[in-house]
file upload_19.cif (mmCIF, C-alpha atoms)
data_protein
loop_
_atom_site.label_atom_id
_atom_site.label_comp_id
_atom_site.auth_asym_id
_atom_site.auth_seq_id
_atom_site.Cartn_x
_atom_site.Cartn_y
_atom_site.Cartn_z
CA MET A 1 101.82 134.34 123.53
CA ASN A 2 103.79 131.12 122.82
CA ARG A 3 101.36 128.63 124.34
CA VAL A 4 99.22 126.72 121.83
CA ILE A 5 96.33 124.41 122.68
CA VAL A 6 96.12 121.54 120.20
CA ALA A 7 92.71 119.85 120.11
CA SER A 8 92.05 116.68 118.11
CA ASP A 9 90.34 113.29 118.15
CA TYR A 10 93.46 111.91 119.80
CA GLN A 11 91.95 108.45 120.30
CA TRP A 12 91.99 107.79 116.53
CA ALA A 13 95.32 106.35 115.40
CA SER A 14 95.79 108.55 112.33
CA PHE A 15 94.79 111.69 114.23
CA LYS A 16 97.17 110.85 117.08
CA ASN A 17 99.97 110.32 114.58
CA GLN A 18 99.49 113.69 112.90
CA THR A 19 98.74 115.54 116.15
CA ASP A 20 102.04 114.33 117.60
CA LEU A 21 103.90 115.67 114.55
CA ILE A 22 102.15 119.05 114.80
CA VAL A 23 102.97 119.24 118.51
CA ARG A 24 106.59 118.34 117.80
CA VAL A 25 107.10 120.96 115.10
CA LEU A 26 105.50 123.62 117.30
CA ALA A 27 107.82 122.71 120.19
CA GLU A 28 110.85 122.76 117.90
CA ALA A 29 109.85 126.27 116.80
CA GLY A 30 109.79 127.53 120.38
CA PHE A 31 106.06 127.28 121.11
CA GLN A 32 104.63 125.55 124.19
CA PRO A 33 101.97 123.16 122.82
CA VAL A 34 99.54 121.45 125.17
CA LEU A 35 96.98 118.82 124.16
CA ALA A 36 93.41 119.96 124.71
CA HIS A 37 92.32 116.96 126.79
CA LYS A 38 95.13 117.74 129.24
CA TYR A 39 94.41 121.46 129.21
CA LEU A 40 90.69 120.95 129.83
CA ALA A 41 91.47 118.73 132.82
CA GLN A 42 93.01 121.76 134.51
CA LYS A 43 90.85 124.08 136.59
CA ARG A 44 92.49 127.26 135.35
CA ARG A 45 91.66 128.42 131.80
CA ASP A 46 93.53 131.09 129.85
CA PRO A 47 91.74 132.31 126.69
CA SER A 48 94.74 134.41 125.66
CA GLN A 49 96.40 131.23 124.33
CA ASN A 50 96.49 130.30 120.66
CA ALA A 51 94.51 127.26 119.56
CA ILE A 52 94.63 124.67 116.78
CA ILE A 53 91.68 122.32 116.34
CA PHE A 54 92.33 119.30 114.13
CA GLY A 55 89.22 117.30 113.42
CA SER A 56 87.01 115.42 111.03
CA MET A 57 83.64 116.92 110.13
CA VAL A 58 82.16 113.50 110.85
CA SER A 59 82.98 113.98 114.54
CA ALA A 60 80.95 115.84 117.16
CA ASN A 61 84.21 116.62 118.97
CA THR A 62 85.26 118.93 116.14
CA LYS A 63 82.22 121.14 116.76
CA ARG A 64 82.75 120.95 120.51
CA TYR A 65 86.34 122.14 120.21
CA ALA A 66 85.37 124.85 117.71
CA GLN A 67 82.87 126.19 120.25
CA LEU A 68 85.23 125.93 123.22
CA PHE A 69 88.15 127.76 121.62
CA SER A 70 86.35 130.22 119.33
CA PHE A 71 87.33 133.18 121.55
CA TYR A 72 90.87 132.06 122.30
CA GLY A 73 93.75 133.70 120.58
CA PRO A 74 95.19 135.92 119.15
CA THR A 75 95.35 133.07 116.58
CA ARG A 76 92.89 130.21 116.04
CA ILE A 77 93.43 127.58 113.34
CA ALA A 78 90.89 124.94 112.27
CA TYR A 79 92.59 122.06 110.43
CA LEU A 80 89.60 120.24 108.98
CA VAL A 81 88.98 116.88 107.33
CA ALA A 82 86.01 116.38 104.96
CA GLU A 83 85.41 113.31 102.80
CA GLY A 84 82.20 114.78 101.38
CA PRO A 85 79.44 117.37 101.87
CA VAL A 86 79.09 118.64 105.45
CA ASP A 87 75.81 119.01 107.36
CA GLN A 88 75.61 122.79 107.82
CA LEU A 89 72.93 122.50 110.51
CA PHE A 90 75.30 120.57 112.76
CA HIS A 91 78.49 122.33 111.60
CA PRO A 92 77.37 125.89 110.84
CA PRO A 93 80.09 127.58 108.75
CA SER A 94 79.68 130.72 110.89
CA LEU A 95 81.08 128.80 113.87
CA TYR A 96 84.39 128.36 112.03
CA SER A 97 84.50 131.91 110.63
CA ARG A 98 86.61 133.06 113.61
CA TYR A 99 89.31 130.55 112.61
CA ILE A 100 91.98 130.44 109.95
CA THR A 101 90.47 127.41 108.21
CA VAL A 102 92.81 124.94 106.56
CA ALA A 103 91.86 121.61 104.96
CA ASN A 104 94.02 118.48 104.86
CA SER A 105 93.77 118.14 101.05
CA GLU A 106 92.44 120.00 98.05
CA PHE A 107 89.63 117.43 97.98
CA SER A 108 88.65 118.29 101.57
CA LYS A 109 88.91 121.99 100.73
CA ASN A 110 86.52 121.58 97.81
CA ASN A 111 84.04 119.66 99.96
CA LEU A 112 84.13 122.31 102.68
CA GLU A 113 83.74 125.19 100.23
CA ALA A 114 80.82 123.41 98.53
CA SER A 115 79.21 123.24 102.00
CA GLY A 116 79.50 126.99 102.54
CA PHE A 117 82.77 127.17 104.48
CA ARG A 118 85.46 129.77 103.91
CA VAL A 119 88.72 127.84 103.49
CA ASP A 120 92.06 129.64 103.47
CA GLY A 121 94.07 126.79 101.95
CA TYR A 122 95.13 123.21 102.56
CA ILE A 123 98.09 121.46 104.15
CA HIS A 124 98.62 117.79 103.35
CA HIS A 125 99.43 115.32 106.10
CA ALA A 126 103.07 114.69 106.94
CA ILE A 127 105.52 111.91 107.78
CA ASP A 128 108.69 111.61 109.83
CA LEU A 129 111.35 110.66 107.30
CA ASN A 130 113.67 109.55 110.10
CA LEU A 131 111.21 106.80 111.06
CA ILE A 132 110.59 106.04 107.39
CA ASN A 133 114.30 105.52 106.72
CA LYS A 134 114.65 103.23 109.74
CA ALA A 135 111.74 101.11 108.50
CA ARG A 136 113.17 100.99 104.98
CA ASN A 137 116.47 99.71 106.39
CA SER A 138 114.83 97.08 108.60
CA PRO A 139 111.64 95.87 106.88
CA GLU A 140 109.56 93.05 108.26
CA VAL A 141 110.47 89.85 106.44
CA PHE A 142 107.57 87.88 104.97
CA ASP A 143 108.13 84.27 103.90
CA ARG A 144 107.25 83.63 100.27
CA PRO A 145 105.24 80.38 99.91
CA LYS A 146 106.61 79.85 96.42
CA GLU A 147 109.13 81.25 93.99
CA LYS A 148 108.19 84.64 92.50
CA PHE A 149 105.46 85.21 95.06
CA THR A 150 104.24 88.79 95.55
CA TRP A 151 103.03 90.22 98.84
CA PHE A 152 100.57 93.12 98.88
CA VAL A 153 99.95 94.97 102.15
CA TYR A 154 97.07 96.99 103.56
CA THR A 155 97.13 99.03 106.79
CA ALA A 156 93.85 100.83 107.40
CA GLN A 157 90.40 100.57 108.92
CA VAL A 158 87.41 98.86 107.36
CA GLY A 159 83.94 100.33 106.86
CA VAL A 160 81.85 102.22 104.35
CA ARG A 161 84.73 104.40 103.10
CA LYS A 162 87.13 101.50 102.61
CA HIS A 163 84.80 98.85 101.12
CA PRO A 164 87.04 95.84 101.93
CA GLU A 165 84.47 93.47 100.44
CA THR A 166 85.12 95.06 97.03
CA PHE A 167 88.92 95.00 97.06
CA LEU A 168 88.94 91.49 98.53
CA GLU A 169 86.75 90.28 95.66
CA ALA A 170 89.16 91.89 93.19
CA PHE A 171 92.12 90.34 94.99
CA ARG A 172 90.60 86.85 94.98
CA LEU A 173 90.02 87.15 91.25
CA ALA A 174 93.63 88.20 90.74
CA GLN A 175 94.79 85.25 92.83
CA LYS A 176 93.00 82.85 90.51
CA LYS A 177 94.54 84.53 87.47
CA THR A 178 98.05 84.16 88.95
CA ASP A 179 97.63 80.60 90.24
CA TYR A 180 97.76 81.93 93.81
CA SER A 181 101.17 83.51 93.37
CA ILE A 182 100.06 86.61 95.29
CA GLY A 183 99.02 87.22 98.86
CA LEU A 184 97.64 90.01 101.03
CA ARG A 185 98.79 90.86 104.53
CA ALA A 186 96.84 93.43 106.50
CA ILE A 187 96.91 95.44 109.68
CA SER A 188 93.17 95.99 109.84
CA ALA A 189 90.00 94.14 110.85
CA LEU A 190 89.46 91.91 107.85
CA GLU A 191 88.48 88.78 109.79
CA SER A 192 84.73 89.25 109.30
CA TYR A 193 85.27 89.69 105.54
CA LEU A 194 87.36 86.56 105.04
CA ARG A 195 86.12 83.20 103.78
CA PRO A 196 87.10 79.74 105.06
CA ASP A 197 88.71 78.92 101.71
CA ASP A 198 90.76 82.13 101.50
CA LYS A 199 94.41 81.43 100.84
CA TYR A 200 97.31 83.79 101.52
CA ILE A 201 95.04 86.54 102.86
CA ILE A 202 96.16 87.25 106.40
CA ASN A 203 95.02 89.82 108.95
CA HIS A 204 98.31 90.30 110.77
CA ALA A 205 96.97 92.52 113.57
CA LYS A 206 94.12 94.88 114.33
CA PHE A 207 94.52 98.46 113.15
CA GLY A 208 95.73 100.77 115.90
CA THR A 209 97.19 98.01 118.11
CA LEU A 210 100.82 98.09 116.93
CA PRO A 211 103.50 100.72 117.50
CA TYR A 212 103.84 103.10 114.57
CA ASP A 213 107.36 101.97 113.72
CA ALA A 214 106.09 98.38 113.45
CA VAL A 215 103.40 99.49 110.97
CA LEU A 216 106.02 101.20 108.82
CA ARG A 217 108.23 98.10 108.90
CA PHE A 218 105.18 96.07 107.88
CA ILE A 219 104.56 98.26 104.81
CA ALA A 220 108.28 98.15 104.00
CA GLY A 221 108.14 94.35 103.99
CA GLY A 222 105.57 94.18 101.20
CA ASP A 223 106.11 94.45 97.46
CA TYR A 224 103.09 96.69 96.87
CA TYR A 225 100.57 98.71 98.85
CA LEU A 226 96.92 97.91 98.07
CA HIS A 227 95.03 101.21 98.20
CA LEU A 228 91.71 100.26 96.65
CA THR A 229 89.65 102.24 99.13
CA LYS A 230 86.71 104.23 97.80
CA CYS A 231 86.74 107.42 99.87
CA GLU A 232 89.51 109.31 101.65
CA SER A 233 90.06 112.81 102.97
CA PHE A 234 93.78 112.18 102.49
CA GLY A 235 94.95 108.57 102.90
CA LEU A 236 98.04 108.56 105.12
CA PRO A 237 98.98 104.89 104.39
CA ALA A 238 99.34 105.78 100.71
CA LEU A 239 101.81 108.52 101.63
CA GLU A 240 103.69 106.14 103.92
CA ALA A 241 103.89 103.60 101.09
CA ARG A 242 105.17 106.29 98.74
CA ALA A 243 107.83 107.36 101.24
CA LEU A 244 108.93 103.73 101.58
CA GLY A 245 109.19 103.39 97.80
CA LYS A 246 106.38 100.84 97.57
CA PRO A 247 104.34 101.12 94.36
CA LEU A 248 100.58 101.22 94.85
CA ILE A 249 97.47 99.74 93.31
CA ALA A 250 95.07 102.63 93.77
CA VAL A 251 91.76 104.07 92.66
CA LYS A 252 92.40 107.13 90.50
CA MET A 253 90.52 109.58 92.68
CA PRO A 254 91.12 112.66 94.77
CA PRO A 255 92.91 113.09 97.07
CA THR A 256 95.27 110.19 96.23
CA ILE A 257 96.16 111.79 92.90
CA GLU A 258 97.26 114.92 94.79
CA PHE A 259 100.35 113.28 96.30
CA VAL A 260 101.02 109.92 94.59
CA PRO A 261 102.91 110.42 91.31
CA GLU A 262 101.27 109.10 88.15
CA GLU A 263 104.25 106.80 87.51
CA GLY A 264 104.19 105.34 91.04
CA ALA A 265 100.96 103.36 90.90
CA PHE A 266 98.83 100.98 88.91
CA TRP A 267 95.69 103.09 88.66
CA VAL A 268 92.13 101.79 88.60
CA ARG A 269 89.56 104.14 87.11
CA SER A 270 86.60 105.33 89.14
CA ASN A 271 83.47 104.76 87.08
CA GLU A 272 80.91 106.33 89.43
CA VAL A 273 80.87 108.75 92.36
CA GLU A 274 78.04 108.17 94.83
CA GLN A 275 77.09 110.40 97.75
CA VAL A 276 76.43 108.17 100.75
CA GLY A 277 75.16 109.18 104.17
CA GLY A 278 77.89 109.03 106.79
CA TYR A 279 77.31 109.40 110.51
CA GLY A 280 74.81 112.22 110.45
CA PHE A 281 77.23 115.16 110.25
CA MET A 282 78.80 114.54 106.84
CA ASP A 283 78.22 112.43 103.73
CA PHE A 284 80.90 110.43 101.93
CA LEU A 285 81.74 110.67 98.23
CA ILE A 286 82.25 107.01 97.32
CA HIS A 287 84.34 106.33 94.21
CA HIS A 288 83.23 103.02 92.73
CA TYR A 289 85.41 101.00 90.37
CA ASP A 290 85.23 97.88 88.23
CA ILE A 291 86.38 94.77 90.11
CA ARG A 292 87.76 93.11 86.98
CA GLU A 293 89.84 96.18 86.13
CA ALA A 294 91.20 96.21 89.68
CA ALA A 295 92.07 92.50 89.42
CA ASP A 296 93.88 93.12 86.14
CA ALA A 297 95.91 95.91 87.75
CA ILE A 298 96.95 93.55 90.56
CA VAL A 299 97.95 90.87 88.04
CA GLN A 300 99.94 93.42 86.04
CA ALA A 301 101.73 94.55 89.20
CA HIS A 302 102.70 90.95 89.98
CA ASP A 303 104.03 90.49 86.44
CA ILE A 304 106.11 93.67 86.64
CA ARG A 305 107.53 92.69 90.03
CA TRP A 306 109.25 89.55 88.73
CA ASN A 307 109.47 89.78 84.95
CA TYR A 308 110.36 93.45 84.57
CA PRO A 309 112.37 94.29 87.69
CA SER A 310 113.83 97.49 86.21
CA GLU A 311 110.31 98.87 85.72
CA TYR A 312 109.49 98.01 89.33
CA GLU A 313 112.60 99.86 90.52
CA ASP A 314 111.76 102.83 88.31
CA MET A 315 108.33 103.05 89.93
CA SER A 316 109.92 102.95 93.36
CA GLN A 317 112.35 105.75 92.49
CA LYS A 318 109.56 107.92 91.05
CA LEU A 319 107.73 107.66 94.36
CA LEU A 320 110.77 108.88 96.28
CA GLU A 321 111.32 111.95 94.14
CA GLY A 322 110.40 115.05 96.15
CA ILE A 323 109.32 113.08 99.22
CA GLU A 324 111.34 115.45 101.45
CA GLU A 325 108.51 117.94 100.99
CA TYR A 326 106.34 115.71 103.21
CA HIS A 327 108.76 115.57 106.14
CA TYR A 328 106.89 117.09 109.07
CA ARG A 329 109.48 119.82 109.65
CA ASN A 330 109.10 120.97 106.05
CA LEU A 331 105.32 120.63 105.75
CA TYR A 332 103.97 121.52 109.18
CA LYS A 333 106.16 124.60 109.47
CA LYS A 334 103.18 126.21 107.70
CA PHE A 335 101.31 126.04 111.02
CA VAL A 336 104.22 127.83 112.67
CA GLU A 337 104.04 130.54 110.01
CA LEU A 338 100.30 130.99 110.58
CA LEU A 339 100.89 131.43 114.31
CA GLN A 340 103.69 133.99 113.96
#
call {"tool": "encode", "arguments": {"input": "upload_19.cif", "output": "C-alpha cells"}}
result
Amino acid sequence: MNRVIVASDYQWASFKNQTDLIVRVLAEAGFQPVLAHKYLAQKRRDPSQNAIIFGSMVSANTKRYAQLFSFYGPTRIAYLVAEGPVDQLFHPPSLYSRYITVANSEFSKNNLEASGFRVDGYIHHAIDLNLINKARNSPEVFDRPKEKFTWFVYTAQVGVRKHPETFLEAFRLAQKKTDYSIGLRAISALESYLRPDDKYIINHAKFGTLPYDAVLRFIAGGDYYLHLTKCESFGLPALEARALGKPLIAVKMPPTIEFVPEEGAFWVRSNEVEQVGGYGFMDFLIHHYDIREAADAIVQAHDIRWNYPSEYEDMSQKLLEGIEEYHYRNLYKKFVELLQ
C-alpha cells in the first residue's frame, strides 16, 4: 500500500516546515502522502494505509493521533519530540508500542526512554539546501548604524523554554561592553520583553508570520545567530544558521551539540539543569547559564567578526562541512526505508 497518512501539529510553524519536507520526500519516492487533517475530513476511512504521526509530547494532538491510527498499517511510525520527562499517565508508553518509534534527536530519545518508551532510533530535522542556497545568495541587507557594527539575529518563539529575558539581559550587558557596536534583530515576539531605553534591539516581525524563504534570508543577513535558549528538542533555527554559514552563540547543551560543530559556535556553559513543569503532559529540562559568561561570548564574537576576519570565515566554513547530510532528500529518506 503506497498511501501514507501524515499526522502532525500542522498549525505550528516548525512542524509545518518539517511535515512539508516529509510529505515531499515520500511523494518523490513514489508514495501517496495525505495530511491527516484532510484525510479525517473525508467520510471514507481506510485503515490499510500506512501512517506517520509527528508530534510533541507536550501536545494532546499527539496522543489523539496515536489512538486514531494505532491499527492502521502495515506500517506505523511515531516521530516524537520530547524536551524532558513525559507524563506516562497521559502518554502511556503502551499506546505507542504498536509504532516504530523514532525521536527527533538523541536528547529526545533519552527523555522518552527515561519515561518508559521503547525508541527505535532518532532522525534529526532536515532542511532544503536549495532554499538555503537561494537565501545565501540573496540575504536581507541590514544597515549598520556605525562602522564595524555587528548584527545578531534570532528567529524563534518566546516562552519558558527560550527564556528571552535571560538572553536579552546578556545582550544588553554585551552592548555596554562594546559601546553599542552590536545589535539584535528578531523574528519573534520580543516586544513585551523590551525596555523603552533599548537600543538596536528590533523585533522585525512576529514568528510564523513571514514566508519561510524570507526567514532564511533574514538569518543570512546577520553576522551571527543568537541561540541562547535554555531547552530544545532539536532547535531548527540553529541548523538553518549552520547551513547558511552563520556562526552561533549557543548554550553548550543537548541537542545543539549533536549537530552544530564545536568550531562553529561561541559556546556558553550550562551550569545547572532544572526540571520545570511544562503544560501538564511533559516537563522541560531547562539549561541555565551565567549571564556574564554569555555576554563575554557575544563580545568575543563581535571582536572576531571585525578584528580577526579569517577566524570568522574559518568558523563559517566549519559549519558548512557535511551539511549535505541534512538535506531533506538525504535525511528523510530514512522514513522511506522504514515504510518499504
call {"tool": "closest_atom_pairs", "arguments": {"input": "upload_19.cif", "of": "stretch 50-97 of chain A", "to": "stretch 124-139 of chain A", "cutoff": "12 Å", "atoms": "only C-alpha atoms", "output": "tab-separated table"}}
result
residue	atom	partner	partner_atom	distance
A:Phe54	CA	A:His125	CA	11.4
A:Tyr79	CA	A:His124	CA	10.2
A:Leu80	CA	A:His124	CA	10.9
A:Val81	CA	A:His124	CA	10.5
call {"tool": "resolve_selection", "arguments": {"input": "upload_19.cif", "expression": "the PyMOL selection byres ((chain A and resi 156-165) around 8)", "output": "JSON, numbers by chain"}}
result
{"A": [154, 155, 166, 167, 168, 169, 187, 188, 189, 190, 193, 207, 228, 229, 230, 231, 232, 237, 284, 286]}
call {"tool": "resolve_selection", "arguments": {"input": "upload_19.cif", "expression": "the PyMOL selection byres ((chain A and resi 21-27) around 10)", "output": "VMD selection string"}}
result
chain A and resid 2 to 6 15 to 20 28 to 35 52 54 125 to 128 327 to 336 339
call {"tool": "closest_residue", "arguments": {"input": "upload_19.cif", "among": "A:Phe234, A:Phe218, A:Tyr289, A:Tyr180", "to": "A:Val251", "atoms": "all atoms listed in the file"}}
result
A:Tyr289
call {"tool": "resolve_selection", "arguments": {"input": "upload_19.cif", "expression": "the PyMOL selection byres ((chain A and resi 103-113) around 7)", "output": "number ranges by chain"}}
result
A: 79-86, 101-102, 114-119, 121-125, 233-234, 254-255
call {"tool": "atom_distance", "arguments": {"input": "upload_19.cif", "atom1": "atom CA of A:Ala186", "atom2": "atom CA of A:Ala13"}}
result
15.8 Å
call {"tool": "atom_distance", "arguments": {"input": "upload_19.cif", "atom1": "atom CA of A:Arg45", "atom2": "atom CA of A:Asp9"}}
result
20.4 Å
call {"tool": "atom_distance", "arguments": {"input": "upload_19.cif", "atom1": "atom CA of A:Glu263", "atom2": "atom CA of A:Gly183"}}
result
23.2 Å
call {"tool": "closest_residue", "arguments": {"input": "upload_19.cif", "among": "A:Pro211, A:Gly280, A:Pro47, A:Pro309", "to": "A:Phe69", "atoms": "only C-alpha atoms"}}
result
A:Pro47
call {"tool": "closest_residue", "arguments": {"input": "upload_19.cif", "among": "A:His204, A:His91, A:Arg217, A:Lys252", "to": "A:Tyr65", "atoms": "all atoms listed in the file"}}
result
A:His91
call {"tool": "closest_residue", "arguments": {"input": "upload_19.cif", "among": "A:Pro196, A:Val273, A:Ala214, A:Val260", "to": "A:Gly322", "atoms": "all atoms listed in the file"}}
result
A:Val260
call {"tool": "closest_residue", "arguments": {"input": "upload_19.cif", "among": "A:Gly222, A:Gly277, A:Pro92, A:Gly235", "to": "A:Arg305", "atoms": "only C-alpha atoms"}}
result
A:Gly222
call {"tool": "closest_residue", "arguments": {"input": "upload_19.cif", "among": "A:Phe149, A:Ala41, A:Lys177, A:Phe281", "to": "A:Asn61", "atoms": "all atoms listed in the file"}}
result
A:Phe281
call {"tool": "residues_around", "arguments": {"input": "upload_19.cif", "residues": "A:Val299", "least_positions_apart": "2", "cutoff": "12 Å", "atoms": "only C-alpha atoms", "output": "CSV table (one decimal) with C-alpha atoms, keeping the file's coordinate frame"}}
result
chain,number,residue,atom,x,y,z
A,149,PHE,CA,105.5,85.2,95.1
A,150,THR,CA,104.2,88.8,95.6
A,151,TRP,CA,103.0,90.2,98.8
A,152,PHE,CA,100.6,93.1,98.9
A,170,ALA,CA,89.2,91.9,93.2
A,171,PHE,CA,92.1,90.3,95.0
A,172,ARG,CA,90.6,86.8,95.0
A,173,LEU,CA,90.0,87.2,91.2
A,174,ALA,CA,93.6,88.2,90.7
A,175,GLN,CA,94.8,85.2,92.8
A,176,LYS,CA,93.0,82.8,90.5
A,177,LYS,CA,94.5,84.5,87.5
A,178,THR,CA,98.0,84.2,89.0
A,179,ASP,CA,97.6,80.6,90.2
A,180,TYR,CA,97.8,81.9,93.8
A,181,SER,CA,101.2,83.5,93.4
A,182,ILE,CA,100.1,86.6,95.3
A,183,GLY,CA,99.0,87.2,98.9
A,224,TYR,CA,103.1,96.7,96.9
A,249,ILE,CA,97.5,99.7,93.3
A,266,PHE,CA,98.8,101.0,88.9
A,292,ARG,CA,87.8,93.1,87.0
A,293,GLU,CA,89.8,96.2,86.1
A,294,ALA,CA,91.2,96.2,89.7
A,295,ALA,CA,92.1,92.5,89.4
A,296,ASP,CA,93.9,93.1,86.1
A,297,ALA,CA,95.9,95.9,87.8
A,301,ALA,CA,101.7,94.6,89.2
A,302,HIS,CA,102.7,91.0,90.0
A,303,ASP,CA,104.0,90.5,86.4
A,304,ILE,CA,106.1,93.7,86.6
A,305,ARG,CA,107.5,92.7,90.0
A,306,TRP,CA,109.2,89.6,88.7
A,307,ASN,CA,109.5,89.8,85.0
call {"tool": "decode", "arguments": {"input": "upload_19.cif", "residues": "stretch 187-206 of chain A", "atoms": "N, CA, C and O atoms", "output": "mmCIF file, in the first residue's frame"}}
result
data_model
loop_
_atom_site.group_PDB
_atom_site.id
_atom_site.type_symbol
_atom_site.label_atom_id
_atom_site.label_comp_id
_atom_site.auth_asym_id
_atom_site.auth_seq_id
_atom_site.Cartn_x
_atom_site.Cartn_y
_atom_site.Cartn_z
ATOM 1 N N ILE A 187 12.918 37.739 14.577
ATOM 2 C CA ILE A 187 11.583 37.359 14.121
ATOM 3 C C ILE A 187 11.020 36.529 15.269
ATOM 4 O O ILE A 187 11.337 35.354 15.430
ATOM 5 N N SER A 188 10.233 37.162 16.114
ATOM 6 C CA SER A 188 9.806 36.539 17.355
ATOM 7 C C SER A 188 8.635 37.339 17.928
ATOM 8 O O SER A 188 7.821 37.865 17.170
ATOM 9 N N ALA A 189 8.585 37.405 19.262
ATOM 10 C CA ALA A 189 7.576 38.219 19.946
ATOM 11 C C ALA A 189 8.247 38.870 21.156
ATOM 12 O O ALA A 189 7.820 38.706 22.297
ATOM 13 N N LEU A 190 9.307 39.608 20.866
ATOM 14 C CA LEU A 190 10.120 40.185 21.943
ATOM 15 C C LEU A 190 9.559 41.488 22.504
ATOM 16 O O LEU A 190 10.086 42.003 23.502
ATOM 17 N N GLU A 191 8.510 42.035 21.895
ATOM 18 C CA GLU A 191 8.045 43.366 22.293
ATOM 19 C C GLU A 191 7.808 43.493 23.792
ATOM 20 O O GLU A 191 8.195 44.496 24.418
ATOM 21 N N SER A 192 7.185 42.500 24.395
ATOM 22 C CA SER A 192 6.851 42.595 25.819
ATOM 23 C C SER A 192 8.079 42.466 26.718
ATOM 24 O O SER A 192 7.996 42.718 27.928
ATOM 25 N N TYR A 193 9.218 42.070 26.136
ATOM 26 C CA TYR A 193 10.450 41.925 26.908
ATOM 27 C C TYR A 193 11.387 43.117 26.733
ATOM 28 O O TYR A 193 12.416 43.208 27.405
ATOM 29 N N LEU A 194 11.032 44.033 25.826
ATOM 30 C CA LEU A 194 11.907 45.162 25.543
ATOM 31 C C LEU A 194 11.658 46.321 26.500
ATOM 32 O O LEU A 194 10.565 46.474 27.059
ATOM 33 N N ARG A 195 12.676 47.149 26.657
ATOM 34 C CA ARG A 195 12.610 48.317 27.524
ATOM 35 C C ARG A 195 12.591 49.587 26.680
ATOM 36 O O ARG A 195 13.088 49.589 25.548
ATOM 37 N N PRO A 196 12.042 50.674 27.214
ATOM 38 C CA PRO A 196 11.996 51.920 26.437
ATOM 39 C C PRO A 196 13.375 52.424 26.016
ATOM 40 O O PRO A 196 13.512 53.071 24.975
ATOM 41 N N ASP A 197 14.403 52.118 26.823
ATOM 42 C CA ASP A 197 15.735 52.620 26.500
ATOM 43 C C ASP A 197 16.572 51.624 25.694
ATOM 44 O O ASP A 197 17.763 51.846 25.473
ATOM 45 N N ASP A 198 15.969 50.524 25.260
ATOM 46 C CA ASP A 198 16.713 49.568 24.445
ATOM 47 C C ASP A 198 17.142 50.208 23.127
ATOM 48 O O ASP A 198 16.361 50.934 22.484
ATOM 49 N N LYS A 199 18.348 49.920 22.737
ATOM 50 C CA LYS A 199 18.909 50.480 21.516
ATOM 51 C C LYS A 199 19.406 49.347 20.629
ATOM 52 O O LYS A 199 20.093 48.431 21.100
ATOM 53 N N TYR A 200 19.049 49.393 19.361
ATOM 54 C CA TYR A 200 19.481 48.397 18.384
ATOM 55 C C TYR A 200 19.012 46.982 18.745
ATOM 56 O O TYR A 200 19.689 46.003 18.456
ATOM 57 N N ILE A 201 17.861 46.886 19.384
ATOM 58 C CA ILE A 201 17.203 45.589 19.592
ATOM 59 C C ILE A 201 15.829 45.712 18.947
ATOM 60 O O ILE A 201 14.972 46.454 19.424
ATOM 61 N N ILE A 202 15.643 44.998 17.856
ATOM 62 C CA ILE A 202 14.474 45.216 16.992
ATOM 63 C C ILE A 202 13.737 43.907 16.761
ATOM 64 O O ILE A 202 14.342 42.912 16.347
ATOM 65 N N ASN A 203 12.436 43.899 17.049
ATOM 66 C CA ASN A 203 11.605 42.753 16.674
ATOM 67 C C ASN A 203 11.055 43.024 15.279
ATOM 68 O O ASN A 203 10.130 43.811 15.092
ATOM 69 N N HIS A 204 11.661 42.393 14.304
ATOM 70 C CA HIS A 204 11.380 42.651 12.889
ATOM 71 C C HIS A 204 9.958 42.242 12.501
ATOM 72 O O HIS A 204 9.257 42.950 11.789
ATOM 73 N N ALA A 205 9.542 41.064 12.982
ATOM 74 C CA ALA A 205 8.200 40.542 12.679
ATOM 75 C C ALA A 205 7.882 39.436 13.664
ATOM 76 O O ALA A 205 8.775 38.873 14.302
ATOM 77 N N LYS A 206 6.601 39.110 13.798
ATOM 78 C CA LYS A 206 6.211 38.036 14.689
ATOM 79 C C LYS A 206 6.566 36.683 14.074
ATOM 80 O O LYS A 206 6.448 36.482 12.863
#
